[in-house]
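Down below is the structure, laid out as structure tokens.
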Amino acid sequence: MLVSRTGEFAHVGVSLHPERSYAVVVHGAAVLPVEPARADLDGTIASAVRTAIGEFPDGPFAVTVDLAPMLLDAITRADSALPRVAVIRVVPRPATDPALARSPAALVERRVARRFTVAGGHDLLGNELCPLDHGRLDEVCAELDAGSIRHVAIVAAGSQARPGHERGVADAIQTAMPGARISAASEYGGHGLVAREATVVLDCALSGVAEQLVDRCERVLSRLPGEFQLRVARGDGGYTTASRIRTMPVVAFGATDALEVCGAAYLEGLADCRVLLSRDGAQVAGEVRHGLAQVSLAESAGIGTELVVPTAVLTPERDVTPSGVPGRMPDVPVVRARHAPELLACVGAAVSSPTSWLDEVAFIESADELRSVRRDAEERATAFVTANGAAPGTAFFAEVSTVAVPYSPAGTVRIRVRVAGTPDIGLTQPLLETP
Amino acid sequence: MSGAATWISAADVPALYEGAKFYAPAVGDAGRSSLTSWLTGLLEREGPVALHRVETMAPETPCVSLCVLGSGSALADLPPAGDEFVAAIRQIEQLQGVRFGAVYPLAAATVSALVPVAAAAQLGVPLLDADGMGRAFALIHHTAMYLAGISPTPLVAFGPTGDSVLVDARTGARADRLLRASLDTLGGWAALASYPTTAGALRRGALPGTISRIANVGRVLLQQTDPDLLISRLAAITGCRRLGRGRISELEQLSRPSDGSIPAHPSSVVIDETDGQRRQLRIELRSEIVAVFANGELIAGAPDLLCLVDATRGTLATLDNLERGDLVDVLVTPGDAVWYSDEGMAMVGLSFHGIPLDHPRRLRGEP
Amino acid sequence: MSQRPSTLPITLGGLVRIQPLARASRLHFADPLRQVEQVVLAQTFERLRRCAPHVLVVLHDTAAAGGWSLAAALHLAWERNVSAVVVSGAVAGSAGAALAERLNMTLLAIDSDPVDVALQLAGQVSAPAAARALGQALCAERLAEQTHVRGVLGVLNSELQNAPVALVIGETAVAGRVAALQDKTNARRVEVEVQGPDEQPWARLVAAVPVNGPMAVEQVESLLRLARPSLQAAWAQTRLDSTVHSAHEQAAFGLLRRLAAEPPPDAPAGPVEIETPPWSSELGWQIDGVNRAVWLTPLRPSGAPSEEVTHLVRAAWQRGRTHWPLVVDGDSWISWHSSEDADDVGPLRRAVTAFRDSAAAHRLVIGVGQAHPGVAGLMRSVAEARLAAYVARKQGPAGVQWFDQVGASAALAWLPTTEIAQVADLCLAELMDARDRMALVQTVLAVLDCGGSLSQASQRLGVHRNTVLARLTRARQLGLAYDEPEQRLALHVLCYALASLWTQSGTDE
């Protein structure tokens with residue numbers, strides 16, 4: 001049976017690629033590919049929306065756009081016009097080795113024009129390791145102000161637990177250069193200085209591109225008759241609002257894999273399965289649980305470093321075992337994708353749900369404290385998913401995991417919460433009520 | 001220096017990293033790219049590091065062990081400035097008035113297996129193909145050297161903040177406690193230089209061949225393949241076997257009474273077997289996997305080396321990264337023989353973790 | 001108490017009925033019939049390894065450290081074939097419950113100190129008869145606390161679990177589990193008579209005891225006997241005080257009538273099945289079968305009867321039929337007989353015959369309705385009985401009229417409708433001037449015909465219930481006080497006469 005997550009409304013899924021764009025209209029079991037006369041962004045979206053109105057005249061409609069291929073193209077293209085970024089690290093001491101001073105990912109480092117280290121930072125639980133060096137900060141501000149760089153990425157050790165130093169730096173930069181585009185790592189949360197730094201560098205670099213794309217989509221939709229909600233697919237296969245992508249573009253990064261996996265599962269009517277896709281001639285596998293793609297923080301989209309936004313992990317999969325059945329997971333069905341990847345991504349975008357993700361470290365001393373810390377994290381994740389477009393009260397915890405952090409002081413736990421919600425328009429059925 | 005050496009070059013770094021994870025699957029990959037690119041850069045700049053078997057070194061050669069003390073998460077969030085390990089060694093050299101002729105890992109596992117390579121490259125000294133644990137244990141005196149009567153002190157812990165602690169203590173346990181008390185202030189992790197000794201003492205005190213071993217295991221792990229094939233290949237070189245495969249159904253915290261002096265509180269992972277007898281596997285954690293119960297029956301435990309393989313991805317599953325619903329294989333690999341001796345068992349066996357049950361190997365009548 | 005104290009070991013089911021295990025939460029309960037021969041307080045796994053089969057293990061100290069230790073203890077318990085494992089609730093999580101289920105090992109979680117619990121259990125297990133006696137004593141205590149028949153049956157059924165118990169009057173279960181009456185080849189029937197306050201057998205307690213169950217027949221019987229005083233007390237309490245009782249019956253009947261008149265809002269359209277309210281069994285009423293109502297009314301009505309008259313009528317009517325109701329309704333009394341068989345008129349015929357002397361003495365007449373099923377049927381039969389009683393007045397004191405024989409149409413065809421309509425012009429002038437008089441009269445007639453049931457009337461008229469209500473209100477304002485007992489019958493007849501006149505002429509002119 002079909003996982004009817006589109007309720008009684010037509011949903012448009014769009015996948016934007018540099019060379020052309022793709023779209024489908026999904027309405028329950030009906031999946032209509034869109035064949036636009038002009039396959040650019042404007043033509044594809046307009047054609048898809050007209051198809052939706054023509055086939056299903058009773059709105060409302062939602063249009064979910066996958067920007068990831070465009071964003072990846074922007075950072076990988078040699079002649080990219082992306083802005084160059086200044087990075088300010090707030091750590092107790094500057095790196096003594098060049099490899100430790102830069103990002104291990106060449107694609108990220110290419111965007112970095114200047115690097116500064118300002119002494120400061122906290123540990124994982126928010127204890128100050130070193131006071132913020134205001135003298136050095138003033139020098140950095142002066143240097144930046146004198147130069148031409150207007151995009152500044154800031155990452156402070158421990159800022160996910162205590163963002164004070166990071167905010168101090170951001171305030172100082174803003175004061176010195178009122179027009180600067182500043183990205184601070186604490187806005188994304190997550191772990192690992194390298195991953196957090198790479199995320200803010202990309203955030204800074206991609207903000208312009210993401211903004212232009214979202215603007216263009218909105219312009220196309222505003223010229224069409226009717227009311228449309230524009231949504232942007234997230235790396236984890238869910239979606240968020242256009243306005244959140246303007247402020248946190250990296251969230252849209254690497255969405256395509258998760259969308260393809262979810263799209264293939266949807267077409268088979270399955271909410272829990274393993275999906276086999278073909279990638280550059282080889283077979284890869286992804287997993288779907290509760291209708292959501294299984295995601296992690298591994299290196300995404302081949303950029304050479306982890307980010308702090310989760311993406312679907314596709315792993316190489318040999319074909320079936322000698323006995324003829326895929327042997328790894330006897331307890332879930334295996335789906336072999338039968339459609340073009342672009343179509344799958346469009347379907348995945350169309351049927352996606354608003355999601356949020358939280359990954360934090362906390363310190364607990366008792367079971368009661370653990371409960372309250374978890375509840376707290378769940379509440380925050382719920383608030384995020386509502387901000388991302390979920391109808392209030394529909395949050396569903398796809399995963400809440402708490403693990404002890406090895407070799408840390410007893411009581412240190414890592415909490416991860418993944419929440420999906422029911423869209424605030426159109427989708428009338430809660431996510432889990434699937435056959 | 002005499003005898004033949006092998007070399008560790010930049011090309012070996014990925015295999016070392018993966019193999020080191022097999023011997024201590026505690027920490028995820030958050031700090032992976034910064035550490036491997038640092039080490040790769042060093043080996044490219046300074047050239048390969050010579051890897052010597054202990055018995056090929058002149059017995060009087062002063063040697064010192066290195067490791068990352070503290071959590072991998074802290075290390076990932078505050079990566080090294082790059083000079084911490086050399087700085088720790090230099091302090092002991094100053095104190096003792098020696099110049100170390102070789103370094104070796106305290107534990108050839110997790111990131112602690114990589115930092116001695118980096119330090120050897122920085123110092124221009126050889127690396128010994130030996131270590132003190134053959135895996136990772138929680139406390140610094142849980143080493144073969146300590147059992148052989150070699151003192152861990154004087155030791156120096158040098159933190160990423162640039163602060164350091166020098167500890168001299170009468171027993172290993174006190175040294176560990178003194179050290180651990182400073183760890184938070186040092187930044188959550190520290191470069192630890194300890195067990196200053198000679199190559200001669202290490203001949204009888206250290207576990208040989210452990211660096212080459214992780215490199216071999218790492219090469220197997222790097223060939224991404226399906227988990228069944230992966231496990232049979234690993235079995236061929238490590239003697240591991242699969243205890244069961246199942247889905248994680250529960251992650252429990254503070255699941256048993258704990259003693260705050262050991263890092264990481266006790267937690268448990270409950271796995272429902274998906275095939276075979278469909279048993280309930282219960283995995284007890286304390287930084288590492290301490291014991292595995294099947295339907296309540298103890299089937300493996302420390303000092304066995306226990307790890308999880310993500311059966312959907314064919315990669316090692318690290319303990320800070322588990323989620324309910326994950327499909328995992330539970331693997332057991334025999335630890336080094338020294339740990340199954342009465343002294344070894346008393347130090348790192350099940351009773352140390354508060355599990356007063358006989359080790360399954362003993363119940364089976366194995367030595 | 002048990003006549004033959006059994007020395008059989010106590011069962012797990014027996015232990016969890018009494019403290020301390022009555023408070024324990026059952027994370028997995030494998031088999032209540034499992035015997036418990038000994039209690040072991042296991043502080044170490046070594047002690048667990050030495051357990052004999054059929055012991056109950058209370059985990060403590062090292063063996064109850066949580067996490068793995070519960071899993072290991074469950075496994076050892078399973079290996080040693082113990083009966084149950086008791087552990088502190090603080091260490092028993094969902095994974096422990098899951099493993100207990102997998103091993104099918106009973107796992108009970110307690111909040112109190114394991115040592116205390118083990119000591120108490122040891123005492124209970126070493127003296128199974130005493131524990132059982134304690135169980136019975138506790139049961140007696142619980143029985144004594146019950147003030148209602150239902151409560152008594154509830155206690156019995158929770159105590160006897162696999163042996164269903166019912167309170168039976170005639171062959172009908174009036175309370176408890178009907179399963180007690182169903183013939184089962186693998187169950188033995190145990191019956192205990194229950195006497196009413198007049199020493200007459202009033203009802204029976206019936207239990208079906210599984211042949212291979214853990215409870216001996218004697219044990220069940222003694223429990224049923226134990227319940228007798230409570231039942232009698234409950235019965236007496238509601239029965240002895242006749243004033244309270246008749247008020248109670250009156251209110252209850254009013255409630256029944258309202259129930260029949262106003263089915264629940266979510267009830268489907270069409271004939272409504274009204275569920276017999278459970279409180280009716282408390283009064284000893286039987287309504288579930290087909291009901292035939294009896295209307296006892298004075299030859300010359302003169303307002304509500306005094307309590308004394310009611311008492312006398314009750315005494316006469318209920319002689320030998322103590323469970324037959326007698327409900328005061330206006331100047332009359334209602335009673336009924338419920339039976340599985342609509343043609344079963346014997347008991348009622350005998351009752352009416354037996355009552356005739358008293359009827360003559362009190363100058364009463366008797367109307368008997370037809371047999372109709374359920375609550376709604378009872379109401380219909382009451383209306384019929386009332387009409388029949390009206391006809392019976394013509395026979396003088398102790399007159400009896402069965403509606404079956406007279407039939408409504410027959411009775412009414414008798415009426416001088418034209419004359420009656422002329423009376424209406426005089427005494428209901430306001431109504432007769434109203435333009436909607438026809439609708440109003442038809443509505444009131446329908447409601448009266450339906451024994452006061454608005455929903456039945458609305459169905460019959462094909463209008464909404466609210467319309468019926470509105471018309472009734474208007475009719476009352478215009479003088480058609482159909483709900484005043486003294487006038488009801490007259491108005492009923494009047495309405496009938498008007499309606500049939502207008503129907504004949506096809507107009508209300």
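Ligands are numbered from 1 in the order shown, chains are lettered A, B, ... in the order of the structure tokens, and residues start at 1 in each chain.
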
| message | Give me the residues near region 106-118 of chain B as a count of residues only, where near means some atom within 8 Å (using only C-alpha atoms) and where sequence neighbours in that chain fewer than 4 positions away do not count. | response | 36

| message | Using DSSP secondary structure from the backbone, list all strand (DSSP E or B) positions within region 9-252 of chain A, as a PyMOL selection string. | response | chain A and resi 10-16+21-27+30-33+61-66+85-91+112-119+122+128+151-156+181-184+228-233+239-241

For chain B against chain C, with a cut-off of 9 Å and counting only C-alpha atoms, what is the closest atom pair and its distance in Å to one decimal for every residue that makes the cut, ordered by chain and number, as a Markdown table?
```
| residue | atom | partner | partner_atom | distance |
| --- | --- | --- | --- | --- |
| B:Ser249 | CA | C:Ala95 | CA | 8.4 |
| B:Glu250 | CA | C:Ala95 | CA | 7.2 |
| B:Glu252 | CA | C:Gly67 | CA | 8.1 |
| B:Leu254 | CA | C:Gly67 | CA | 8.5 |
| B:Ser255 | CA | C:Gly67 | CA | 4.7 |
| B:Arg256 | CA | C:Gly66 | CA | 4.9 |
| B:Pro257 | CA | C:Ala65 | CA | 6.6 |
| B:Pro266 | CA | C:Gly67 | CA | 8.9 |
| B:Ser267 | CA | C:Gly67 | CA | 8.0 |
| B:Ser268 | CA | C:Gly67 | CA | 6.9 |
| B:Val270 | CA | C:Ala95 | CA | 7.0 |
| B:Arg279 | CA | C:Arg102 | CA | 8.0 |
| B:Gln280 | CA | C:Leu99 | CA | 6.5 |
| B:Arg282 | CA | C:Trp68 | CA | 6.9 |
| B:Ile283 | CA | C:Trp68 | CA | 8.0 |
| B:Glu284 | CA | C:Trp68 | CA | 6.9 |
| B:Ala291 | CA | C:Trp68 | CA | 8.7 |
| B:Val292 | CA | C:Trp68 | CA | 8.7 |
| B:Phe293 | CA | C:Ala72 | CA | 7.4 |
| B:Ala294 | CA | C:Ala71 | CA | 8.6 |
| B:Asn295 | CA | C:His75 | CA | 6.2 |
| B:Gly296 | CA | C:Ala72 | CA | 4.0 |
| B:Glu297 | CA | C:Ala72 | CA | 5.6 |
| B:Leu298 | CA | C:Ala72 | CA | 7.1 |
| B:Gly354 | CA | C:Thr62 | CA | 8.8 |
| B:Ile355 | CA | C:Ser69 | CA | 7.9 |
| B:Pro356 | CA | C:Phe45 | CA | 7.9 |
| B:Leu357 | CA | C:Phe45 | CA | 7.6 |
```

| What separation in Å, quoted to one decimal, exists between CA of Ala86 (chain A) and CA of Ile149 (chain A)? |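 According to the coordinates, CA of Ala86 (chain A) and CA of Ile149 (chain A) are separated by 6.7 Å.
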
| alpha helix (DSSP H) call set, DSSP backbone run, region 110-274 of chain A, as an MDAnalysis selection string | chainID A and resid 134:146 164:176 193:223 242:247 255:268

Would you mind listing what lies within 7 Å of region 322-334 of chain B as a compact mmCIF listing (two decimals) with all heavy atoms, in the first residue's frame, with only C-alpha atoms counted and same-chain residues fewer than 2 positions away left out?
```txt
# COMPACT_ATOMS: atom_id res chain seq x y z
N SER A 401 18.42 9.61 20.85
CA SER A 401 19.41 8.67 21.37
C SER A 401 20.34 9.39 22.34
O SER A 401 20.69 10.55 22.15
CB SER A 401 20.20 8.03 20.23
OG SER A 401 21.14 8.92 19.73
N THR B 238 42.75 -11.35 12.78
CA THR B 238 42.70 -10.99 14.21
C THR B 238 42.17 -12.12 15.08
O THR B 238 42.26 -12.05 16.30
CB THR B 238 41.77 -9.78 14.46
OG1 THR B 238 40.42 -10.18 14.15
CG2 THR B 238 42.14 -8.59 13.61
N GLY B 239 41.57 -13.14 14.48
CA GLY B 239 40.97 -14.20 15.29
C GLY B 239 39.62 -13.82 15.85
O GLY B 239 39.12 -14.45 16.77
N CYS B 240 39.00 -12.77 15.29
CA CYS B 240 37.69 -12.35 15.83
C CYS B 240 36.60 -13.29 15.35
O CYS B 240 36.76 -14.04 14.40
CB CYS B 240 37.36 -10.92 15.40
SG CYS B 240 36.93 -10.76 13.67
N ARG B 241 35.49 -13.28 16.07
CA ARG B 241 34.32 -14.01 15.59
C ARG B 241 33.07 -13.22 15.94
O ARG B 241 33.10 -12.38 16.84
CB ARG B 241 34.28 -15.43 16.16
CG ARG B 241 33.98 -15.49 17.61
CD ARG B 241 34.18 -16.90 18.17
NE ARG B 241 34.24 -16.81 19.61
CZ ARG B 241 33.17 -16.85 20.40
NH1 ARG B 241 31.98 -17.02 19.88
NH2 ARG B 241 33.29 -16.74 21.71
N ARG B 242 32.01 -13.53 15.20
CA ARG B 242 30.78 -12.79 15.39
C ARG B 242 29.94 -13.45 16.48
O ARG B 242 29.70 -14.64 16.44
CB ARG B 242 30.00 -12.75 14.09
CG ARG B 242 28.83 -11.80 14.15
CD ARG B 242 28.25 -11.55 12.80
NE ARG B 242 27.41 -12.67 12.41
CZ ARG B 242 26.72 -12.72 11.28
NH1 ARG B 242 26.82 -11.71 10.43
NH2 ARG B 242 25.97 -13.74 10.99
N LEU B 243 29.50 -12.64 17.42
CA LEU B 243 28.65 -13.17 18.49
C LEU B 243 27.18 -13.12 18.12
O LEU B 243 26.38 -13.90 18.62
CB LEU B 243 28.86 -12.37 19.78
CG LEU B 243 30.22 -12.51 20.43
CD1 LEU B 243 30.36 -11.52 21.57
CD2 LEU B 243 30.41 -13.93 20.96
N GLY B 244 26.83 -12.19 17.25
CA GLY B 244 25.42 -12.10 16.86
C GLY B 244 25.18 -10.84 16.05
O GLY B 244 26.05 -9.96 15.98
N ARG B 245 24.04 -10.81 15.41
CA ARG B 245 23.65 -9.63 14.63
C ARG B 245 22.24 -9.24 15.05
O ARG B 245 21.39 -10.12 15.21
CB ARG B 245 23.67 -9.94 13.14
CG ARG B 245 23.03 -8.86 12.28
CD ARG B 245 23.09 -9.16 10.82
NE ARG B 245 24.49 -9.17 10.37
CZ ARG B 245 24.86 -9.39 9.11
NH1 ARG B 245 23.96 -9.65 8.19
NH2 ARG B 245 26.13 -9.37 8.77
N GLY B 246 22.04 -7.96 15.22
CA GLY B 246 20.68 -7.56 15.60
C GLY B 246 20.51 -6.06 15.53
O GLY B 246 21.44 -5.33 15.17
N ARG B 247 19.31 -5.64 15.86
CA ARG B 247 19.01 -4.21 15.86
C ARG B 247 19.02 -3.66 17.28
O ARG B 247 18.52 -4.30 18.20
CB ARG B 247 17.63 -3.96 15.24
CG ARG B 247 17.66 -4.03 13.75
CD ARG B 247 16.48 -3.33 13.10
NE ARG B 247 16.47 -3.65 11.69
CZ ARG B 247 17.14 -2.94 10.77
NH1 ARG B 247 17.81 -1.87 11.12
NH2 ARG B 247 17.10 -3.31 9.51
N ILE B 248 19.55 -2.48 17.41
CA ILE B 248 19.60 -1.85 18.72
C ILE B 248 18.18 -1.46 19.12
O ILE B 248 17.48 -0.79 18.36
CB ILE B 248 20.50 -0.61 18.69
CG1 ILE B 248 21.95 -1.04 18.38
CG2 ILE B 248 20.43 0.17 19.99
CD1 ILE B 248 22.92 0.10 18.26
N SER B 249 17.77 -1.93 20.29
CA SER B 249 16.41 -1.60 20.72
C SER B 249 16.40 -0.65 21.91
O SER B 249 15.37 -0.08 22.23
CB SER B 249 15.65 -2.88 21.08
OG SER B 249 16.27 -3.51 22.17
N GLU B 250 17.52 -0.48 22.54
CA GLU B 250 17.51 0.33 23.76
C GLU B 250 18.92 0.86 24.02
O GLU B 250 19.89 0.16 23.82
CB GLU B 250 17.11 -0.57 24.92
CG GLU B 250 16.62 0.14 26.14
CD GLU B 250 15.12 0.23 26.17
OE1 GLU B 250 14.45 -0.77 25.84
OE2 GLU B 250 14.62 1.29 26.52
N ASP B 304 38.45 -9.42 26.69
CA ASP B 304 38.18 -9.62 25.26
C ASP B 304 38.00 -8.24 24.61
O ASP B 304 37.45 -7.33 25.22
CB ASP B 304 36.87 -10.39 25.05
CG ASP B 304 36.92 -11.80 25.62
OD1 ASP B 304 38.03 -12.27 25.91
OD2 ASP B 304 35.84 -12.39 25.80
N LEU B 305 38.42 -8.15 23.37
CA LEU B 305 38.21 -6.92 22.63
C LEU B 305 36.88 -7.04 21.92
O LEU B 305 36.66 -7.97 21.14
CB LEU B 305 39.34 -6.73 21.63
CG LEU B 305 39.20 -5.56 20.70
CD1 LEU B 305 39.27 -4.26 21.47
CD2 LEU B 305 40.29 -5.60 19.65
N LEU B 306 35.97 -6.13 22.22
CA LEU B 306 34.62 -6.25 21.67
C LEU B 306 34.32 -5.02 20.83
O LEU B 306 34.63 -3.90 21.23
CB LEU B 306 33.61 -6.36 22.82
CG LEU B 306 33.77 -7.66 23.61
CD1 LEU B 306 33.31 -7.49 25.04
CD2 LEU B 306 33.00 -8.77 22.92
N CYS B 307 33.77 -5.24 19.67
CA CYS B 307 33.40 -4.08 18.85
C CYS B 307 32.15 -4.38 18.06
O CYS B 307 31.69 -5.52 17.97
CB CYS B 307 34.55 -3.64 17.97
SG CYS B 307 34.95 -4.79 16.67
N LEU B 308 31.59 -3.32 17.51
CA LEU B 308 30.36 -3.43 16.73
C LEU B 308 30.65 -3.03 15.29
O LEU B 308 31.36 -2.06 15.03
CB LEU B 308 29.29 -2.49 17.30
CG LEU B 308 28.93 -2.68 18.77
CD1 LEU B 308 27.92 -1.63 19.21
CD2 LEU B 308 28.37 -4.07 19.01
N VAL B 309 30.09 -3.79 14.37
CA VAL B 309 30.19 -3.43 12.95
C VAL B 309 28.80 -3.04 12.49
O VAL B 309 27.82 -3.75 12.76
CB VAL B 309 30.73 -4.62 12.12
CG1 VAL B 309 30.61 -4.34 10.64
CG2 VAL B 309 32.18 -4.91 12.49
N ASP B 310 28.71 -1.89 11.86
CA ASP B 310 27.44 -1.44 11.29
C ASP B 310 27.13 -2.32 10.09
O ASP B 310 27.78 -2.23 9.04
CB ASP B 310 27.58 0.03 10.87
CG ASP B 310 26.29 0.59 10.31
OD1 ASP B 310 25.49 -0.20 9.76
OD2 ASP B 310 26.10 1.80 10.41
N ALA B 311 26.15 -3.20 10.25
CA ALA B 311 25.91 -4.21 9.22
C ALA B 311 25.21 -3.64 8.00
O ALA B 311 25.16 -4.30 6.97
CB ALA B 311 25.09 -5.35 9.80
N THR B 312 24.67 -2.44 8.10
CA THR B 312 24.08 -1.89 6.89
C THR B 312 25.13 -1.17 6.05
O THR B 312 24.96 -0.99 4.87
CB THR B 312 22.95 -0.88 7.20
OG1 THR B 312 23.49 0.14 8.03
CG2 THR B 312 21.81 -1.56 7.88
N THR B 318 30.93 3.24 15.92
CA THR B 318 31.59 3.75 17.11
C THR B 318 30.58 4.01 18.20
O THR B 318 29.41 4.28 17.94
CB THR B 318 32.40 5.02 16.79
OG1 THR B 318 31.53 5.94 16.14
CG2 THR B 318 33.57 4.69 15.91
N LEU B 319 31.04 3.90 19.43
CA LEU B 319 30.12 3.86 20.57
C LEU B 319 29.45 5.20 20.86
O LEU B 319 28.45 5.25 21.54
CB LEU B 319 30.85 3.36 21.81
CG LEU B 319 31.50 1.99 21.68
CD1 LEU B 319 32.12 1.56 23.00
CD2 LEU B 319 30.49 0.94 21.22
N ASP B 320 30.02 6.30 20.35
CA ASP B 320 29.37 7.59 20.61
C ASP B 320 28.37 7.92 19.51
O ASP B 320 27.88 9.03 19.41
CB ASP B 320 30.42 8.70 20.74
CG ASP B 320 31.19 8.92 19.46
OD1 ASP B 320 31.10 8.06 18.56
OD2 ASP B 320 31.90 9.94 19.35
N ASP B 336 45.29 -9.59 24.21
CA ASP B 336 46.62 -10.19 24.30
C ASP B 336 46.68 -11.10 25.54
O ASP B 336 46.03 -10.84 26.55
CB ASP B 336 47.67 -9.08 24.36
CG ASP B 336 47.82 -8.44 23.00
OD1 ASP B 336 48.58 -8.95 22.18
OD2 ASP B 336 47.12 -7.43 22.76
```

| field | Selected residue of minimal separation from chain A among C:Gln250, C:Gly462, C:Ala90, C:His148, counting only C-alpha atoms | value |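 Nearest to chain A: C:Ala90.
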
| query | Can you tell me how far CA of Ala252 (chain A) sits from CA of Met177 (chain A), in Å to one decimal? | reply |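 Interatomic distance, CA of Ala252 (chain A) to CA of Met177 (chain A): 27.8 Å.
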
| field | Among listed residues B:Asp358, B:Asp163, B:Asp226, B:Glu343, nearest chain A (using only C-alpha atoms) | value |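 Smallest separation from chain A among the options: B:Asp226.
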
| message | What's the separation between CA of His290 (chain A) and CA of Ala271 (chain A), in Å to one decimal place? | response |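 If I compute the distance from CA of His290 (chain A) to CA of Ala271 (chain A), I get 5.1 Å.
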
Write out as a tab-separated table a residue-level contact list of chain A versus chain B with cut-off 8 Å: for each qualifying residue the closest pair of atoms and the distance in Å to one decimal, counting only C-alpha atoms, rows sorted by chain and residue number upward.
```
residue	atom	partner	partner_atom	distance
A:Val91	CA	B:Leu78	CA	7.4
A:Pro92	CA	B:Thr161	CA	5.2
A:Arg93	CA	B:Thr161	CA	6.3
A:Pro94	CA	B:Ala81	CA	6.2
A:Ala95	CA	B:Ala81	CA	3.9
A:Thr96	CA	B:Ala81	CA	5.3
A:Asp97	CA	B:Gly82	CA	5.6
A:Ala99	CA	B:Trp38	CA	4.9
A:Leu100	CA	B:Trp38	CA	5.8
A:Ala101	CA	B:Ala81	CA	8.0
A:Ser103	CA	B:Ser34	CA	7.4
A:Pro104	CA	B:Ser34	CA	5.9
A:Asp123	CA	B:Gly187	CA	6.0
A:Leu124	CA	B:Ala74	CA	6.4
A:Leu129	CA	B:Gly187	CA	6.5
A:Cys130	CA	B:Thr161	CA	7.4
A:Ala157	CA	B:Leu78	CA	6.0
A:Gly158	CA	B:Asp77	CA	6.9
A:His191	CA	B:Asp77	CA	6.2
A:Gly192	CA	B:Asp77	CA	4.1
A:Leu193	CA	B:Asp77	CA	4.6
A:Val194	CA	B:Ser34	CA	6.7
A:Ala195	CA	B:Ala30	CA	7.3
A:Ala298	CA	B:Asp29	CA	7.6
A:Thr305	CA	B:Ser33	CA	6.3
A:Glu306	CA	B:Ala30	CA	7.3
A:Thr315	CA	B:Arg313	CA	5.6
A:Pro316	CA	B:Gln224	CA	7.3
A:Glu317	CA	B:Asp226	CA	6.8
A:Arg318	CA	B:Asp226	CA	6.9
A:Arg328	CA	B:Thr312	CA	6.6
A:Met329	CA	B:Thr312	CA	7.3
A:Pro330	CA	B:Thr274	CA	7.4
A:Asp331	CA	B:Thr274	CA	6.8
A:Ser366	CA	B:Leu254	CA	7.4
A:Ala367	CA	B:Leu254	CA	6.9
A:Glu399	CA	B:Arg324	CA	7.3
A:Val400	CA	B:Glu323	CA	7.9
A:Ser401	CA	B:Glu323	CA	5.6
A:Thr402	CA	B:Leu251	CA	6.7
A:Val403	CA	B:Asp320	CA	5.9
A:Ala404	CA	B:Ala264	CA	6.3
A:Val405	CA	B:Asp320	CA	5.7
A:Pro406	CA	B:Ser287	CA	4.0
A:Tyr407	CA	B:Ser71	CA	4.6
A:Ser408	CA	B:Ser71	CA	5.0
A:Pro409	CA	B:Pro263	CA	4.9
A:Ala410	CA	B:Ala264	CA	3.9
A:Gly411	CA	B:His265	CA	5.6
A:Thr412	CA	B:Ala264	CA	6.8
A:Arg414	CA	B:Asp320	CA	7.3
```

| request: Excluding region 108-121 of chain C and residues on its chain fewer than 4 positions from it, collect all residues at most 9 Å away from it, counting only C-alpha atoms, and give them as a PyMOL selection string. | output: chain C and resi 15+19-21+23-29+38-41+56-60+84-92+125-126

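Neighbouring residues of Val328 (chain C) at 9 Å or closer, counting only C-alpha atoms and skipping chain neighbours under 2 positions away, are Ser246, Ala247, Glu249, Gln250, Ala304, Pro305, Thr310, Leu326, Gly330, Asp331, Ser332, Trp333 and Ile334 of chain C.
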